[in-house]
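Let me begin by presenting the structure, written as structure tokens, before commenting on it.
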Amino acid sequence: MTSLIRKFSTIGITDTSVVGGKNSSLGEMFTQLSARGIRVPNGFATTADAFWKFLDANEIREPLKLLLLKLDRRNFSNLKEIGEAARKLILEAKMPDTLSEAIVSAYKELSEDESPAVAVRSSATAEDLPEASFAGQHESYLNIQGKSALLSAVQKCFASLYTNRAIKYREDNRFEHAKIALSVGIQIMVRSDKACSGVGFTLEPESGFRDIIHLAGVWGLGENIVQGTVTPDEFLVFKPSLISGKRAIVQRKLGEKAKTMVYGKSAEEPVINIDTPLEKREQFVLNDEEIMKLSDWAMLIEEHYRKPMDFEWAKDGISNQLYIIQARPETVHARRNPLLITEFKLLEKGKQLVSGEAIGSRIAIGIARILDSPKDAEKLKTGEIVVTDLTSPDWDPVLKKASAIITNKGGRTSHASIIARELGVPAIVGSQNATTEISDGQLITVSCCEGKTGYVYNGKLKFEENKLDFSDVKMPEGTEVMLIIADPEKAFKLSFYPNDGVGLLRIEFIINHSIRIHPMALVNFDHLQDKEAKKQIEILTHHYSNKKQYFIDKLAEGVATIAAAFYPKDVIVRMSDFKTNEYANLVGGAAFEPQEENPMIGFRGASRYYNDLYKDGFRLECEAMKQVRDEMGLTNVKLMVPFCRTVDEGKKVIHVMQQNGLVQGKNGLEVYVMAEIPSNVIQADEFASVFDGFSIGSNDLTQLTLGIDRDSALVANLFSEQNKSAKLMIGMMILRAKQAGTRIGLCGQAPSDFPEFARFLVDHGIDSISFNPDAVIKGIENINKAKKTQKNITKTLQSPLNHLM
């Protein structure tokens, strides 16, 4: 029996050749990690030897070999016929008594229940290896009960070694068919039909960022999430915060979860999909304690295997216990060099057809081909774009011909997403209506380079493609190179760019795109007069009884995502700097913003934070920053006050921040100020006594030095940081900061556009320069060139304004 059956308790990771990658990993976890608290459902596996004995007892090993010799290996025109014939040979064979008896005996030992429900899963002897990573090539069966149903499921798994997709997969990977056996894992079912299940990665699956755990979950059995039938809940957990015992969940996303897979009522239909009740769609499938538990387990699994892993989890709705039901090495990013990046950028915008979750960051242009099923494969020409409802492993041979994939359903962990990453093509999943909004044969552009949301545009749009190699980038000494970032969705990818941290995090993007509501409209929600605004706020915040908390949580998650991506490097967060006309455009904002003739120099920045018109809104910003720093443990976040006109105003803001729980110096908190007004330069030494650092905002400082409204096209041609007066102000600011012993940086485009401007900053001894990501390589080149001829501008250079001090 032992040569035919192996219990999980006798299986280890070295048994891949005996029971396949999936089952050897299950045995490894069951024997090695159960003692560390990870629950793995018990089970057993048929061996490769059992599979060979099955073939030999029925004398079909040689017929299978001969059948595969007839395969058209050039065009695979007869793949369907060959696959059907091979499966028929196995399905019509008789299982040897010795094997069936061994299976039934092991099945009885699994549980006191006479016919326990089990999951029956295939595990080929070459499946889930790093060089052969396409999981899901063979069949699995859930909620199998009773001896006859079990034996039938095992034989169906044997036959699935010859599914069309599995045959094509082995051909593509040059595996010899006759040397691949199939092991079947039989595992006690976790009653997730009465609870939830999902998948996880011990890295961020889009970028490969290693310090994130990504969890996704749905109600009911996990097949819905794997097949992409529903959009799951998603959670991002930051490993360093998890290790330090802090609040480690940096991001939550509520999925639609429209369907729930549960047990069926007959052997012919062991599982069925039902509509998820509305109240459950509006709930997260996991609470914080469960998210942390799974994340702890994920860390243990990764530590044990010494590599990034992806895994499947399930919650038993009867015992309310969590289980790990599969784990295998992550293979997409394991094979990639994170320092080699291809960057895509759209050069024009077109008519948007649909949008969904972007998988990858590429752009593809091609003819859309709407396919209902893999049976339509002959309609698809190489390089065309597949548009369909959802995909499953049966689609794999078809998708290899596609330049992009678009689905109505699914999320980041769906089959379409996984295959797109494997193939290196862009995909847009969960678009809802791609098959109706896109016409068959239509020329389209698929863009996944604009963040986590992907867009499909009509026609052929111009774009550029740049290959970046960061491995040879030499970072300058003495001048830090930092990034300017606004979009949390791009943070993990951008973390691989050469950098010393984030010199400017603009929270206005998060407020505009994630929150969308004026903070004072949330503070005064019960008294809002604008019925339309109130209705919109209700829709956006319907999960929050406390409307203010919505703003705090959303802002905290956005900032935390960026701070986590660059941890432990500094991330300097500029507090809000909308102008009144920009604030008024937020939902409910018009009621709380005054009309101004020139908002650029009006009620903005520091002046708002202590004013009765906005101080309660600023309190929400402070609460969010407290959450990020104190609760999540992201103390690499520094704060920055924009447009601070006077020293007294700076002191007022510091006092207000203290009242709101952000105490300068406590828990390492540093508060910087933007140097963007001439008064900041003239009284730099006094501002230095209030703040911990300066960041020159060259745009505002230039416009206020030259008296130019940079929003006015009539005088825009006069605007230049290279102007002698503007450079004099910047130079004076750097020197005075140096004299005060205070750190100073600059944020702007000029140091990358103009080598002489970078040299000017370096000569003056600036501590850091912050660039937009697409300019950072050029910026580094300019700084390094400047370093070779650096002059030391010392205190002997006196400001012409000294006589006014």
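By order in the structure tokens, chains are A, B, ...; within a chain, residues start at 1; ligands start at 1, following the order shown.
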Who sits within 10 Å of A:Arg629, only C-alpha atoms, same chain under 2 positions skipped, as a JSON list (two decimals) with C-alpha atoms, in the first residue's frame:
[["chain", "number", "residue", "atom", "x", "y", "z"],
["A", 246, "LYS", "CA", 1.90, 47.39, 14.82],
["A", 556, "ALA", "CA", -4.02, 57.03, 5.99],
["A", 560, "ALA", "CA", 0.81, 54.30, 4.32],
["A", 563, "ALA", "CA", 5.49, 55.02, 3.11],
["A", 624, "ALA", "CA", -4.62, 60.24, 9.42],
["A", 625, "MET", "CA", -0.92, 61.03, 9.87],
["A", 626, "LYS", "CA", -1.10, 59.85, 13.50],
["A", 627, "GLN", "CA", -2.61, 56.57, 12.30],
["A", 631, "GLU", "CA", -0.50, 52.89, 14.84],
["A", 632, "MET", "CA", 1.07, 51.47, 11.67],
["A", 633, "GLY", "CA", 4.62, 52.14, 12.79],
["A", 634, "LEU", "CA", 5.64, 54.01, 9.63],
["A", 635, "THR", "CA", 7.82, 56.52, 11.42],
["A", 636, "ASN", "CA", 9.76, 57.21, 8.23],
["A", 637, "VAL", "CA", 6.96, 59.67, 7.47],
["A", 638, "LYS", "CA", 7.93, 63.29, 7.98],
["A", 662, "LEU", "CA", 1.30, 65.37, 16.26],
["A", 667, "ASN", "CA", 8.28, 59.27, 18.16],
["A", 668, "GLY", "CA", 10.89, 60.94, 15.96],
["A", 669, "LEU", "CA", 8.42, 63.28, 14.26]]
*Could you give me the residues within stretch 553-770 of chain A that DSSP places in strand (DSSP E or B), as a list of chain:residue names?*
A:Asp570, A:Val571, A:Ile572, A:Val573, A:Arg574, A:Val587, A:Val637, A:Lys638, A:Leu639, A:Met640, A:Val641, A:Val671, A:Tyr672, A:Val673, A:Met674, A:Ala675, A:Gly693, A:Phe694, A:Ser695, A:Ile696, A:Gly697, A:Arg743, A:Ile744, A:Gly745, A:Leu746, A:Cys747, A:Ser768, A:Ile769, A:Ser770
Next, the residues of the selection above should be written as a compact mmCIF listing (two decimals), in the first residue's frame with N, CA, C and O atoms.
# COMPACT_ATOMS: atom_id res chain seq x y z
N ASP A 570 13.17 58.04 4.20
CA ASP A 570 12.27 59.16 4.52
C ASP A 570 11.20 59.31 3.44
O ASP A 570 11.47 59.21 2.24
N VAL A 571 9.98 59.58 3.89
CA VAL A 571 8.88 59.96 3.01
C VAL A 571 8.30 61.25 3.57
O VAL A 571 7.72 61.26 4.66
N ILE A 572 8.50 62.35 2.84
CA ILE A 572 8.08 63.65 3.33
C ILE A 572 6.69 63.96 2.77
O ILE A 572 6.52 64.14 1.56
N VAL A 573 5.72 64.01 3.65
CA VAL A 573 4.31 64.20 3.27
C VAL A 573 3.95 65.67 3.42
O VAL A 573 3.99 66.22 4.53
N ARG A 574 3.62 66.30 2.32
CA ARG A 574 3.16 67.68 2.40
C ARG A 574 1.68 67.69 2.77
O ARG A 574 0.86 67.05 2.10
N VAL A 587 -16.57 67.05 -3.62
CA VAL A 587 -17.99 66.88 -3.29
C VAL A 587 -18.30 67.64 -2.00
O VAL A 587 -17.64 67.46 -0.98
N VAL A 637 7.75 58.55 7.97
CA VAL A 637 6.96 59.67 7.47
C VAL A 637 7.32 60.95 8.22
O VAL A 637 7.25 61.01 9.45
N LYS A 638 7.74 61.95 7.44
CA LYS A 638 7.93 63.29 7.98
C LYS A 638 6.83 64.17 7.38
O LYS A 638 6.32 63.88 6.30
N LEU A 639 6.49 65.23 8.07
CA LEU A 639 5.41 66.09 7.60
C LEU A 639 5.95 67.44 7.15
O LEU A 639 6.98 67.90 7.64
N MET A 640 5.25 68.05 6.22
CA MET A 640 5.71 69.33 5.68
C MET A 640 4.54 70.30 5.53
O MET A 640 3.48 69.93 5.04
N VAL A 641 4.77 71.52 5.96
CA VAL A 641 3.76 72.58 5.91
C VAL A 641 4.02 73.45 4.69
O VAL A 641 5.11 73.98 4.52
N VAL A 671 8.99 68.02 11.39
CA VAL A 671 8.08 68.84 10.60
C VAL A 671 8.89 69.81 9.77
O VAL A 671 9.65 70.62 10.32
N TYR A 672 8.78 69.70 8.46
CA TYR A 672 9.47 70.58 7.52
C TYR A 672 8.53 71.71 7.08
O TYR A 672 7.33 71.68 7.33
N VAL A 673 9.10 72.67 6.40
CA VAL A 673 8.30 73.75 5.82
C VAL A 673 8.75 73.95 4.37
O VAL A 673 9.94 73.81 4.05
N MET A 674 7.80 74.22 3.50
CA MET A 674 8.14 74.56 2.12
C MET A 674 8.74 75.97 2.09
O MET A 674 8.20 76.89 2.69
N ALA A 675 9.87 76.10 1.41
CA ALA A 675 10.47 77.42 1.20
C ALA A 675 10.06 77.88 -0.19
O ALA A 675 10.71 77.55 -1.18
N GLY A 693 13.31 71.29 8.90
CA GLY A 693 13.94 71.24 7.59
C GLY A 693 13.17 72.09 6.60
O GLY A 693 12.04 72.52 6.85
N PHE A 694 13.82 72.34 5.44
CA PHE A 694 13.21 73.13 4.37
C PHE A 694 13.15 72.31 3.09
O PHE A 694 14.02 71.47 2.83
N SER A 695 12.14 72.58 2.29
CA SER A 695 12.10 72.06 0.92
C SER A 695 11.71 73.21 0.01
O SER A 695 10.63 73.79 0.16
N ILE A 696 12.60 73.54 -0.90
CA ILE A 696 12.35 74.67 -1.80
C ILE A 696 11.32 74.26 -2.84
O ILE A 696 11.50 73.28 -3.57
N GLY A 697 10.23 75.02 -2.88
CA GLY A 697 9.25 74.84 -3.95
C GLY A 697 9.56 75.85 -5.03
O GLY A 697 9.15 77.02 -4.96
N ARG A 743 18.48 70.99 7.42
CA ARG A 743 18.45 70.30 6.13
C ARG A 743 17.60 71.06 5.12
O ARG A 743 16.57 71.64 5.48
N ILE A 744 18.05 70.99 3.86
CA ILE A 744 17.29 71.67 2.81
C ILE A 744 17.35 70.87 1.52
O ILE A 744 18.40 70.33 1.15
N GLY A 745 16.20 70.78 0.87
CA GLY A 745 16.12 70.11 -0.42
C GLY A 745 15.35 70.97 -1.39
O GLY A 745 14.86 72.05 -1.06
N LEU A 746 15.24 70.48 -2.64
CA LEU A 746 14.46 71.17 -3.66
C LEU A 746 13.66 70.15 -4.44
O LEU A 746 14.15 69.06 -4.75
N CYS A 747 12.42 70.51 -4.76
CA CYS A 747 11.56 69.65 -5.59
C CYS A 747 11.28 70.38 -6.89
O CYS A 747 10.83 71.53 -6.87
N SER A 768 19.36 67.58 -0.77
CA SER A 768 18.61 66.61 -1.58
C SER A 768 17.90 67.33 -2.73
O SER A 768 17.59 68.52 -2.63
N ILE A 769 17.68 66.58 -3.81
CA ILE A 769 16.88 67.07 -4.93
C ILE A 769 15.85 66.00 -5.25
O ILE A 769 16.18 64.82 -5.36
N SER A 770 14.59 66.42 -5.39
CA SER A 770 13.49 65.48 -5.66
C SER A 770 13.03 65.63 -7.10
O SER A 770 12.80 66.75 -7.58
*If you measure from atom CA of A:Ile654 to atom CA of A:Ala591, what distance in Å do you get, rounded to one decimal?*
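Computed distance, atom CA of A:Ile654 to atom CA of A:Ala591, equals 27.6 Å.
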*Gap from atom CA of A:Glu109 to atom CA of A:Lys53 - Å, one decimal*: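 Straight-line distance from atom CA of A:Glu109 to atom CA of A:Lys53 works out to 23.2 Å.
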So that each row is one residue of stretch 197-268 of chain A with an atom at most 10 Å from stretch 139-162 of chain A, can you give its shortest atom pair and the distance in Å to one decimal, using only C-alpha atoms, rows by chain and rising number, as JSON lines?
{"residue": "A:Leu221", "atom": "CA", "partner": "A:Leu142", "partner_atom": "CA", "distance": 8.8}
{"residue": "A:Glu223", "atom": "CA", "partner": "A:Leu142", "partner_atom": "CA", "distance": 9.2}
{"residue": "A:Val262", "atom": "CA", "partner": "A:Asn143", "partner_atom": "CA", "distance": 9.3}
{"residue": "A:Tyr263", "atom": "CA", "partner": "A:Asn143", "partner_atom": "CA", "distance": 6.7}
{"residue": "A:Gly264", "atom": "CA", "partner": "A:Asn143", "partner_atom": "CA", "distance": 8.4}
{"residue": "A:Ser266", "atom": "CA", "partner": "A:Gln145", "partner_atom": "CA", "distance": 9.8}
{"residue": "A:Ala267", "atom": "CA", "partner": "A:Ala149", "partner_atom": "CA", "distance": 7.2}
{"residue": "A:Glu268", "atom": "CA", "partner": "A:Ala149", "partner_atom": "CA", "distance": 9.5}
*Check the smallest atom-to-atom distance from each of A:Gly220, A:Pro599, A:Gly198, A:Pro96 to A:Glu234 using only C-alpha atoms, then report the winner.*
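Of A:Gly220, A:Pro599, A:Gly198, A:Pro96, the one nearest A:Glu234, counting only C-alpha atoms, is A:Gly198.
Excluding A:Ile341 itself and any same-chain residue fewer than 6 positions from it, the protein and nucleic acid residues within 12 Å of it, counting only C-alpha atoms, are Ser207, Gly360, Ser361, Arg362, Glu465, Asn466, Lys467, Leu468, Asp469, Phe470, Ser471, Lys493, Leu494, Ser495, Phe496, Tyr497 and Pro498 of chain A.
Shortest atom-to-atom contact with A:Lys280 among A:Trp219, A:Ala35, A:Lys724, A:Ile243: A:Trp219, counting only C-alpha atoms.
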*A:Asn408: which residues within 8 Å, counting only C-alpha atoms, same-chain residues fewer than 4 positions away excluded, as number ranges by chain?*
A: 388-390, 429-435
Please save N, CA and C atoms of the selected residues as a PDB file, in the first residue's frame.
ATOM      1  N   THR A 388     -13.336  38.732 -23.395  1.00  0.00           N
ATOM      2  CA  THR A 388     -14.268  37.666 -23.007  1.00  0.00           C
ATOM      3  C   THR A 388     -14.831  37.929 -21.621  1.00  0.00           C
ATOM      4  N   ASP A 389     -15.744  37.077 -21.199  1.00  0.00           N
ATOM      5  CA  ASP A 389     -16.374  37.244 -19.887  1.00  0.00           C
ATOM      6  C   ASP A 389     -15.387  36.918 -18.775  1.00  0.00           C
ATOM      7  N   LEU A 390     -14.810  35.737 -18.816  1.00  0.00           N
ATOM      8  CA  LEU A 390     -13.769  35.325 -17.878  1.00  0.00           C
ATOM      9  C   LEU A 390     -13.023  34.165 -18.490  1.00  0.00           C
ATOM     10  N   VAL A 429      -8.888  43.298 -16.075  1.00  0.00           N
ATOM     11  CA  VAL A 429      -9.871  42.356 -15.560  1.00  0.00           C
ATOM     12  C   VAL A 429     -10.943  43.100 -14.764  1.00  0.00           C
ATOM     13  N   GLY A 430     -12.121  42.475 -14.650  1.00  0.00           N
ATOM     14  CA  GLY A 430     -13.210  43.083 -13.895  1.00  0.00           C
ATOM     15  C   GLY A 430     -13.758  44.338 -14.545  1.00  0.00           C
ATOM     16  N   SER A 431     -13.762  44.378 -15.877  1.00  0.00           N
ATOM     17  CA  SER A 431     -14.227  45.584 -16.580  1.00  0.00           C
ATOM     18  C   SER A 431     -15.748  45.699 -16.619  1.00  0.00           C
ATOM     19  N   GLN A 432     -16.445  44.639 -16.249  1.00  0.00           N
ATOM     20  CA  GLN A 432     -17.907  44.579 -16.181  1.00  0.00           C
ATOM     21  C   GLN A 432     -18.575  44.417 -17.549  1.00  0.00           C
ATOM     22  N   ASN A 433     -18.188  45.239 -18.529  1.00  0.00           N
ATOM     23  CA  ASN A 433     -18.971  45.271 -19.762  1.00  0.00           C
ATOM     24  C   ASN A 433     -18.129  45.326 -21.038  1.00  0.00           C
ATOM     25  N   ALA A 434     -16.930  44.763 -21.001  1.00  0.00           N
ATOM     26  CA  ALA A 434     -16.047  44.829 -22.169  1.00  0.00           C
ATOM     27  C   ALA A 434     -16.668  44.155 -23.384  1.00  0.00           C
ATOM     28  N   THR A 435     -17.348  43.037 -23.184  1.00  0.00           N
ATOM     29  CA  THR A 435     -17.883  42.276 -24.319  1.00  0.00           C
ATOM     30  C   THR A 435     -19.045  42.984 -25.009  1.00  0.00           C
TER      31      THR A 435
END
*Suppose you want the space between atom CA of A:Leu99 and atom CA of A:Thr46; what is it in Å?*
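Result for atom CA of A:Leu99 versus atom CA of A:Thr46: 8.7 Å, one decimal.
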